[in-house]
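File shown: target_35.txt (compact mmCIF, N, CA and C atoms).
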```
# COMPACT_ATOMS: atom_id res chain seq x y z
N MET A 1 -6.52 5.82 13.46
CA MET A 1 -5.74 6.84 12.79
C MET A 1 -6.47 8.18 12.76
N GLY A 2 -7.65 8.22 13.35
CA GLY A 2 -8.36 9.48 13.48
C GLY A 2 -9.31 9.81 12.34
N PHE A 3 -9.53 8.89 11.41
CA PHE A 3 -10.44 9.15 10.31
C PHE A 3 -11.84 8.69 10.69
N LEU A 4 -12.85 9.37 10.17
CA LEU A 4 -14.23 8.95 10.36
C LEU A 4 -14.57 7.88 9.32
N SER A 5 -15.48 7.00 9.66
CA SER A 5 -15.85 5.91 8.74
C SER A 5 -16.51 6.44 7.46
N THR A 6 -16.97 7.67 7.48
CA THR A 6 -17.61 8.25 6.30
C THR A 6 -16.63 9.06 5.45
N ASP A 7 -15.40 9.26 5.93
CA ASP A 7 -14.39 10.01 5.17
C ASP A 7 -14.00 9.26 3.91
N ILE A 8 -13.78 10.00 2.84
CA ILE A 8 -13.16 9.45 1.64
C ILE A 8 -11.78 10.08 1.57
N LEU A 9 -10.77 9.25 1.69
CA LEU A 9 -9.40 9.72 1.77
C LEU A 9 -8.80 9.89 0.38
N ASP A 10 -7.73 10.68 0.31
CA ASP A 10 -7.09 10.95 -0.98
C ASP A 10 -6.37 9.74 -1.54
N SER A 11 -5.55 9.09 -0.70
CA SER A 11 -4.77 7.98 -1.25
C SER A 11 -4.28 7.04 -0.15
N ALA A 12 -3.97 5.84 -0.59
CA ALA A 12 -3.35 4.84 0.27
C ALA A 12 -2.11 4.34 -0.46
N HIS A 13 -1.02 4.22 0.26
CA HIS A 13 0.24 3.75 -0.30
C HIS A 13 0.64 2.46 0.41
N ILE A 14 1.05 1.48 -0.37
CA ILE A 14 1.55 0.22 0.17
C ILE A 14 2.97 0.05 -0.36
N ALA A 15 3.94 -0.08 0.55
CA ALA A 15 5.35 -0.14 0.15
C ALA A 15 6.03 -1.39 0.65
N GLU A 16 7.20 -1.63 0.11
CA GLU A 16 8.06 -2.79 0.41
C GLU A 16 7.47 -4.07 -0.17
N LEU A 17 6.84 -3.94 -1.32
CA LEU A 17 6.28 -5.09 -2.02
C LEU A 17 7.28 -5.62 -3.04
N ASP A 18 7.36 -6.92 -3.16
CA ASP A 18 8.18 -7.49 -4.23
C ASP A 18 7.39 -7.41 -5.54
N GLU A 19 8.08 -7.60 -6.64
CA GLU A 19 7.43 -7.47 -7.96
C GLU A 19 6.27 -8.44 -8.13
N GLU A 20 6.41 -9.66 -7.61
CA GLU A 20 5.33 -10.64 -7.73
C GLU A 20 4.07 -10.16 -7.01
N SER A 21 4.23 -9.62 -5.81
CA SER A 21 3.09 -9.12 -5.05
C SER A 21 2.44 -7.94 -5.76
N LYS A 22 3.25 -7.03 -6.28
CA LYS A 22 2.70 -5.89 -7.01
C LYS A 22 1.89 -6.37 -8.22
N THR A 23 2.42 -7.33 -8.94
CA THR A 23 1.73 -7.86 -10.13
C THR A 23 0.40 -8.50 -9.75
N LEU A 24 0.39 -9.23 -8.64
CA LEU A 24 -0.85 -9.88 -8.19
C LEU A 24 -1.89 -8.88 -7.71
N LEU A 25 -1.46 -7.78 -7.09
CA LEU A 25 -2.40 -6.80 -6.52
C LEU A 25 -2.91 -5.78 -7.54
N GLU A 26 -2.13 -5.48 -8.56
CA GLU A 26 -2.49 -4.42 -9.50
C GLU A 26 -3.90 -4.54 -10.09
N PRO A 27 -4.39 -5.72 -10.45
CA PRO A 27 -5.75 -5.79 -11.01
C PRO A 27 -6.85 -5.42 -10.01
N TYR A 28 -6.52 -5.35 -8.74
CA TYR A 28 -7.52 -5.11 -7.70
C TYR A 28 -7.42 -3.72 -7.07
N LEU A 29 -6.65 -2.82 -7.64
CA LEU A 29 -6.44 -1.51 -7.02
C LEU A 29 -7.73 -0.71 -6.89
N GLU A 30 -8.57 -0.71 -7.91
CA GLU A 30 -9.84 0.03 -7.83
C GLU A 30 -10.75 -0.56 -6.77
N GLU A 31 -10.82 -1.87 -6.70
CA GLU A 31 -11.65 -2.52 -5.69
C GLU A 31 -11.12 -2.24 -4.29
N MET A 32 -9.80 -2.29 -4.11
CA MET A 32 -9.21 -1.98 -2.80
C MET A 32 -9.51 -0.54 -2.41
N ALA A 33 -9.40 0.38 -3.36
CA ALA A 33 -9.69 1.79 -3.09
C ALA A 33 -11.13 1.96 -2.60
N SER A 34 -12.04 1.28 -3.24
CA SER A 34 -13.45 1.35 -2.85
C SER A 34 -13.66 0.78 -1.45
N LEU A 35 -13.02 -0.34 -1.15
CA LEU A 35 -13.20 -0.98 0.16
C LEU A 35 -12.64 -0.15 1.31
N ILE A 36 -11.55 0.55 1.07
CA ILE A 36 -10.97 1.35 2.15
C ILE A 36 -11.34 2.82 2.04
N ARG A 37 -12.25 3.13 1.11
CA ARG A 37 -12.79 4.48 0.95
C ARG A 37 -11.69 5.52 0.68
N THR A 38 -10.92 5.24 -0.34
CA THR A 38 -9.89 6.17 -0.79
C THR A 38 -9.99 6.34 -2.30
N ARG A 39 -9.51 7.45 -2.80
CA ARG A 39 -9.61 7.71 -4.23
C ARG A 39 -8.65 6.87 -5.06
N LYS A 40 -7.49 6.55 -4.51
CA LYS A 40 -6.46 5.84 -5.28
C LYS A 40 -5.57 5.04 -4.34
N VAL A 41 -5.14 3.86 -4.79
CA VAL A 41 -4.18 3.03 -4.07
C VAL A 41 -2.92 2.95 -4.92
N TYR A 42 -1.78 3.21 -4.30
CA TYR A 42 -0.49 3.16 -4.98
C TYR A 42 0.36 2.04 -4.39
N LEU A 43 1.07 1.33 -5.25
CA LEU A 43 1.97 0.26 -4.82
C LEU A 43 3.41 0.70 -5.07
N HIS A 44 4.29 0.42 -4.10
CA HIS A 44 5.69 0.82 -4.21
C HIS A 44 6.61 -0.33 -3.79
N THR A 45 7.74 -0.42 -4.43
CA THR A 45 8.71 -1.43 -4.02
C THR A 45 9.52 -0.95 -2.82
N SER A 46 9.59 0.36 -2.62
CA SER A 46 10.40 0.90 -1.52
C SER A 46 9.69 2.09 -0.87
N ARG A 47 9.86 2.22 0.44
CA ARG A 47 9.29 3.37 1.16
C ARG A 47 9.93 4.67 0.70
N SER A 48 11.16 4.62 0.21
CA SER A 48 11.86 5.84 -0.19
C SER A 48 11.22 6.50 -1.42
N GLN A 49 10.33 5.81 -2.10
CA GLN A 49 9.66 6.39 -3.26
C GLN A 49 8.65 7.48 -2.87
N VAL A 50 8.20 7.46 -1.61
CA VAL A 50 7.22 8.44 -1.13
C VAL A 50 7.62 8.87 0.29
N GLU A 51 7.70 10.17 0.50
CA GLU A 51 7.97 10.66 1.85
C GLU A 51 6.65 10.64 2.61
N ALA A 52 6.57 9.77 3.63
CA ALA A 52 5.31 9.57 4.34
C ALA A 52 5.58 9.01 5.73
N ASP A 53 4.55 9.05 6.55
CA ASP A 53 4.58 8.43 7.87
C ASP A 53 4.08 7.01 7.69
N TRP A 54 4.99 6.05 7.65
CA TRP A 54 4.65 4.66 7.33
C TRP A 54 4.27 3.88 8.57
N HIS A 55 3.33 2.97 8.42
CA HIS A 55 2.90 2.05 9.47
C HIS A 55 3.21 0.63 9.00
N GLU A 56 3.89 -0.13 9.84
CA GLU A 56 4.27 -1.48 9.47
C GLU A 56 3.12 -2.45 9.70
N SER A 57 2.96 -3.38 8.76
CA SER A 57 1.94 -4.41 8.85
C SER A 57 2.49 -5.68 8.22
N GLU A 58 1.63 -6.67 8.05
CA GLU A 58 2.06 -7.93 7.46
C GLU A 58 1.04 -8.39 6.43
N LEU A 59 1.54 -8.92 5.32
CA LEU A 59 0.70 -9.46 4.26
C LEU A 59 1.30 -10.78 3.82
N ASP A 60 0.56 -11.85 4.00
CA ASP A 60 1.03 -13.20 3.63
C ASP A 60 2.40 -13.51 4.23
N GLY A 61 2.59 -13.14 5.49
CA GLY A 61 3.83 -13.44 6.19
C GLY A 61 4.99 -12.51 5.84
N LYS A 62 4.75 -11.48 5.05
CA LYS A 62 5.80 -10.53 4.66
C LYS A 62 5.50 -9.16 5.24
N LYS A 63 6.54 -8.46 5.68
CA LYS A 63 6.36 -7.11 6.19
C LYS A 63 6.06 -6.17 5.04
N ILE A 64 5.05 -5.32 5.24
CA ILE A 64 4.75 -4.25 4.30
C ILE A 64 4.59 -2.97 5.10
N HIS A 65 4.56 -1.86 4.43
CA HIS A 65 4.37 -0.56 5.08
C HIS A 65 3.22 0.15 4.41
N LEU A 66 2.37 0.76 5.24
CA LEU A 66 1.17 1.44 4.75
C LEU A 66 1.16 2.90 5.13
N ASN A 67 0.60 3.70 4.26
CA ASN A 67 0.35 5.10 4.55
C ASN A 67 -1.01 5.44 3.95
N ILE A 68 -1.89 5.98 4.76
CA ILE A 68 -3.22 6.36 4.29
C ILE A 68 -3.43 7.82 4.66
N HIS A 69 -3.83 8.60 3.66
CA HIS A 69 -4.13 10.03 3.93
C HIS A 69 -5.12 10.57 2.91
```

So, in terms of structure tokens, how does the structure I just supplied come out?
Amino acid sequence: MGFLSTDILDSAHIAELDEESKTLLEPYLEEMASLIRTRKVYLHTSRSQVEADWHESELDGKKIHLNIH
């Protein structure tokens, strides 16, 4: 995606999560932010909540969408 490994990014957004997945991930947001070198991780149920260039991925067999900037 063109980022350097030493960059600290502003935010990461994960969308298309069901409520159960959001509930399971919420306690780990700070740890995830640290691991991916971003200031904040946001969870969304729908991509329409944030205007972004989304990248499709998979988590536990479910499609999710990611945006990191």

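When atom CA of His55 of chain A is paired with atom CA of Leu43 of chain A, their separation reads 14.4 Å.
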
Using only the atoms of segment 4-19 of chain A listed in the file, plus 4 Å on each side, state the axis-aligned box centre and edge lengths in Å rounded to one decimal, as JSON.
```
{"center_x": -4.7, "center_y": 1.3, "center_z": 1.1, "size_x": 33.8, "size_y": 27.4, "size_z": 26.5}
```

Between A:Arg39, A:Gln49, A:Thr23, A:Ile14, which residue has the minimum interatomic distance to Leu66 of chain A, considering only C-alpha atoms?
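Among the listed residues, the smallest separation from Leu66 of chain A belongs to A:Ile14.
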
Up to 10 Å from (1.8, 7.9, 5.5) in the file's coordinates: name the residues, counting only C-alpha atoms, as a VMD selection string.
chain A and resid 11 to 14 47 50 to 55 65 to 69

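Here atom C of Thr6 of chain A is placed at a distance of 25.7 Å from atom CA of His44 of chain A.
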
Could you add all heavy atoms to segment 48-59 of chain A and give me the result as a short mmCIF file (atom, residue, chain, number, x, y, z; two decimals), in the frame of the given file?
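Saved the output as selection_15.cif:
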```cif
data_model
loop_
_atom_site.label_atom_id
_atom_site.label_comp_id
_atom_site.auth_asym_id
_atom_site.auth_seq_id
_atom_site.Cartn_x
_atom_site.Cartn_y
_atom_site.Cartn_z
N SER A 48 11.16 4.62 0.21
CA SER A 48 11.86 5.84 -0.19
C SER A 48 11.22 6.50 -1.42
O SER A 48 11.53 7.65 -1.72
CB SER A 48 13.33 5.54 -0.47
OG SER A 48 13.47 4.65 -1.56
N GLN A 49 10.33 5.81 -2.10
CA GLN A 49 9.66 6.39 -3.26
C GLN A 49 8.65 7.48 -2.87
O GLN A 49 8.29 8.30 -3.70
CB GLN A 49 8.95 5.29 -4.05
CG GLN A 49 9.91 4.34 -4.73
CD GLN A 49 9.17 3.22 -5.46
OE1 GLN A 49 8.56 2.38 -4.81
NE2 GLN A 49 9.24 3.25 -6.78
N VAL A 50 8.20 7.46 -1.61
CA VAL A 50 7.22 8.44 -1.13
C VAL A 50 7.62 8.87 0.29
O VAL A 50 7.84 8.01 1.14
CB VAL A 50 5.80 7.83 -1.09
CG1 VAL A 50 4.81 8.81 -0.50
CG2 VAL A 50 5.37 7.39 -2.47
N GLU A 51 7.70 10.17 0.50
CA GLU A 51 7.97 10.66 1.85
C GLU A 51 6.65 10.64 2.61
O GLU A 51 5.71 11.35 2.26
CB GLU A 51 8.53 12.08 1.80
CG GLU A 51 8.99 12.55 3.16
CD GLU A 51 9.70 13.88 3.09
OE1 GLU A 51 10.38 14.15 2.08
OE2 GLU A 51 9.55 14.65 4.05
N ALA A 52 6.57 9.77 3.63
CA ALA A 52 5.31 9.57 4.34
C ALA A 52 5.58 9.01 5.73
O ALA A 52 6.68 8.55 6.03
CB ALA A 52 4.42 8.61 3.56
N ASP A 53 4.55 9.05 6.55
CA ASP A 53 4.58 8.43 7.87
C ASP A 53 4.08 7.01 7.69
O ASP A 53 2.88 6.78 7.57
CB ASP A 53 3.68 9.22 8.82
CG ASP A 53 3.70 8.68 10.24
OD1 ASP A 53 4.68 7.99 10.61
OD2 ASP A 53 2.74 8.95 10.98
N TRP A 54 4.99 6.05 7.65
CA TRP A 54 4.65 4.66 7.33
C TRP A 54 4.27 3.88 8.57
O TRP A 54 4.84 4.08 9.64
CB TRP A 54 5.84 3.98 6.65
CG TRP A 54 6.14 4.55 5.30
CD1 TRP A 54 7.14 5.42 5.00
CD2 TRP A 54 5.45 4.31 4.09
NE1 TRP A 54 7.11 5.74 3.67
CE2 TRP A 54 6.07 5.06 3.09
CE3 TRP A 54 4.35 3.53 3.74
CZ2 TRP A 54 5.65 5.07 1.75
CZ3 TRP A 54 3.93 3.53 2.43
CH2 TRP A 54 4.57 4.28 1.45
N HIS A 55 3.33 2.97 8.42
CA HIS A 55 2.90 2.05 9.47
C HIS A 55 3.21 0.63 9.00
O HIS A 55 2.83 0.26 7.90
CB HIS A 55 1.40 2.20 9.76
CG HIS A 55 1.03 3.57 10.19
ND1 HIS A 55 1.13 3.99 11.48
CD2 HIS A 55 0.61 4.64 9.48
CE1 HIS A 55 0.77 5.24 11.56
NE2 HIS A 55 0.44 5.66 10.35
N GLU A 56 3.89 -0.13 9.84
CA GLU A 56 4.27 -1.48 9.47
C GLU A 56 3.12 -2.45 9.70
O GLU A 56 2.41 -2.38 10.69
CB GLU A 56 5.48 -1.92 10.29
CG GLU A 56 6.09 -3.23 9.82
CD GLU A 56 7.36 -3.57 10.56
OE1 GLU A 56 8.31 -2.78 10.50
OE2 GLU A 56 7.36 -4.64 11.21
N SER A 57 2.96 -3.38 8.76
CA SER A 57 1.94 -4.41 8.85
C SER A 57 2.49 -5.68 8.22
O SER A 57 3.67 -5.74 7.88
CB SER A 57 0.66 -3.95 8.15
OG SER A 57 -0.40 -4.82 8.42
N GLU A 58 1.63 -6.67 8.05
CA GLU A 58 2.06 -7.93 7.46
C GLU A 58 1.04 -8.39 6.43
O GLU A 58 -0.16 -8.26 6.62
CB GLU A 58 2.19 -8.99 8.55
CG GLU A 58 2.88 -10.24 8.11
CD GLU A 58 3.13 -11.20 9.26
OE1 GLU A 58 3.82 -10.82 10.21
OE2 GLU A 58 2.63 -12.33 9.17
N LEU A 59 1.54 -8.92 5.32
CA LEU A 59 0.70 -9.46 4.26
C LEU A 59 1.30 -10.78 3.82
O LEU A 59 2.43 -10.82 3.35
CB LEU A 59 0.62 -8.48 3.07
CG LEU A 59 -0.18 -8.94 1.86
CD1 LEU A 59 -1.67 -9.04 2.21
CD2 LEU A 59 0.02 -7.97 0.71
#
```
